[in-house]
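Reviewing the structure listed below.
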Amino acid sequence: MYPAQKLCLSLAMMLVPTFAMAESIATIKKLSGEVSIVRGADTLPAALGERVHQNDRISTGAQGRIGLLFDDDSRLAAGPGSTISLADYSYDPRTRKGELDVQVDEGTVSLIAGRLAEHNPDAVKLTYPATSAVFVSGNTFSVKVDNLKKEGND
Amino acid sequence: MIKAAATLSSVLLLVGMSGCSVYSGAVNTFGPDKPVSDVAVNTEGELMLSKEPPPFCPAPIADTFAETDQAMPLAPIYKQLYFIFDSDELTEQSRRDAEAIYQAVLERDAPEVLVTGHTDTSGSVALNDALSKRRAEAVREDLIEIGVKPDTIRTFYKGESEPLIDTGDGVKELRNRRVEINVR
């Protein structure tokens, strides 16, 4: 085994106990403006440093922005006026397998894939309407989704 | 990698040919660094070249995401710090590296630090377990001292069980006397 692999493996293994809780999947690392999280029947204000869970639905206000760091080091940023759902996430730090699926209903979202994509690029995906504008710059995948209903194009 | 580079350069070529870039009025045969073309040099009299892209070019879509990308979390840092033999004292080089890492921790929003201590295979397993724990704790103390919140630091210790370099038992090896530090 290469030293770098060994390092990663040992780091991965030490992450196991802390992130073993089933549904907590990412940490809020950037936050500005108004951002709310719908979790089950509750609506909570987002707070810096707190964890988000699978199936959380995140909405940013007109000045709101949020940045998430997932446990596999995938990173996501959502701009103002965005609504996203953390539809699916699983990550096994030992095998580095699992998947990430974030559904973008509205707004602008950028994603940088982490370890999940190292062996399987298909493991990380954004789901968005076919009419969205997509932009790729370096390792960053960005998508802009307009809310057609809001603009009266229903 | 080569394929990616080829794709990138063809994209750049397309962008360049579309005319929607800054020295667009000129046929620039000197490369992107020089805004003066052969045409300009060979023309008598004054020649004004627009420094702006043509007005009919679409606004670059990248700008659409500039505001969003300000919320992109920084990439996690993975580093190693090395120790003097049989000690929880960093080597001189690692002490300098540590300063930079600690600074990076302070510059982050909501930082978390994971510190894992390791030893080389010289000495008994029990001694090395204790030593690796002391190494992780030493880094933790340093972090707290410069102002990192204690509850955001997690320490682990592995003794000699996970050497970076396979040496066999009873071997002094600098690269195994380390803490692995993950800043998130």
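So you can find residues: chains in the structure tokens are A, B, ... in the order shown, residues in each start at 1, and ligands are numbered from 1 in order.
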Residues within 6 Å of range 99-111 of chain B, only C-alpha atoms, excluding chain neighbours under 4 positions, as a VMD selection string: (chain A and resid 29 49) or (chain B and resid 184)
Take the residues from that selection and write them out as a PDB file, in the first residue's frame, keeping N, CA and C atoms.
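Writing done, so here's part.pdb:
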```
ATOM      1  N   LYS A  29     -20.618  25.166   6.781  1.00  0.00           N
ATOM      2  CA  LYS A  29     -19.321  25.828   6.931  1.00  0.00           C
ATOM      3  C   LYS A  29     -19.349  27.287   6.494  1.00  0.00           C
ATOM      4  N   GLY A  49     -21.731  25.819  11.567  1.00  0.00           N
ATOM      5  CA  GLY A  49     -21.121  24.750  12.338  1.00  0.00           C
ATOM      6  C   GLY A  49     -22.056  23.593  12.650  1.00  0.00           C
TER       7      GLY A  49
ATOM      8  N   ARG B 184     -11.030  20.892   8.915  1.00  0.00           N
ATOM      9  CA  ARG B 184     -12.254  20.871   8.117  1.00  0.00           C
ATOM     10  C   ARG B 184     -13.046  22.154   8.291  1.00  0.00           C
TER      11      ARG B 184
END
```
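Residues from chain B found within 8 Å of chain A are Ile61, Ala62, Phe65, Glu67, Thr68, Asp69, Gln70, Ala71, Met72, Pro73, Ala75, Pro76, Asp109, Ala110, Pro111, Phe156, Glu162, Leu164, Ile165 and Glu180 of chain B, counting only C-alpha atoms.
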Per-residue DSSP, range 106-160 of chain B, filtered to helix (DSSP H, G or I), as a VMD selection string: chain B and resid 106 to 107 125 to 145 150 to 152
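Between CA of Thr155 in chain B and CA of Gly117 in chain B the separation is 7.8 Å.
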DSSP strand (DSSP E) residues within range 9-126 of chain A, as an MDAnalysis selection string: chainID A and resid 24:32 35:39 42:45 51:53 57:60 65:70 75:78 83:92 97:112 124:126
Atomic distance CA of Ile77 in chain B - CA of Ile144 in chain B, expressed in Å with one decimal: 18.2 Å
Fewer than 3 positions away in the same chain doesn't count, so skip those; otherwise give me all residues within 8 Å of Glu173 in chain B, counting only C-alpha atoms, as a CSV table (one decimal) with N, CA and C atoms, in the first residue's frame.
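The resulting file, out39.csv, is reproduced below:
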```csv
chain,number,residue,atom,x,y,z
B,120,ASP,N,6.9,5.7,15.5
B,120,ASP,CA,7.6,4.7,14.8
B,120,ASP,C,7.6,3.4,15.6
B,121,THR,N,8.3,2.3,15.1
B,121,THR,CA,8.2,1.0,15.7
B,121,THR,C,9.2,0.8,16.8
B,165,ILE,N,5.5,4.5,6.8
B,165,ILE,CA,6.5,3.7,6.1
B,165,ILE,C,6.7,2.4,6.8
B,167,THR,N,8.5,-0.4,8.1
B,167,THR,CA,9.9,-0.6,8.5
B,167,THR,C,10.2,-1.9,9.2
B,176,ASN,N,7.4,8.1,10.4
B,176,ASN,CA,6.3,7.5,11.2
B,176,ASN,C,6.1,8.2,12.5
B,177,ARG,N,7.0,9.0,12.9
B,177,ARG,CA,6.7,9.8,14.2
B,177,ARG,C,6.0,11.0,13.9
```
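Picture a line from CA of Gly159 in chain B to CA of Leu116 in chain A; it runs 28.8 Å.
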Range 131-136 of chain B environment, 10 Å, only C-alpha atoms, sequence neighbours closer than 2 positions dropped, as a PyMOL selection string: chain B and resi 81-83+86-90+114-120+125-129+138-141+154-160+177-181
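The smallest atom-to-atom distance between Thr83 in chain A and any of A:Ala130, A:Val145, A:Leu100, A:Leu44, using only C-alpha atoms, is found for A:Val145.
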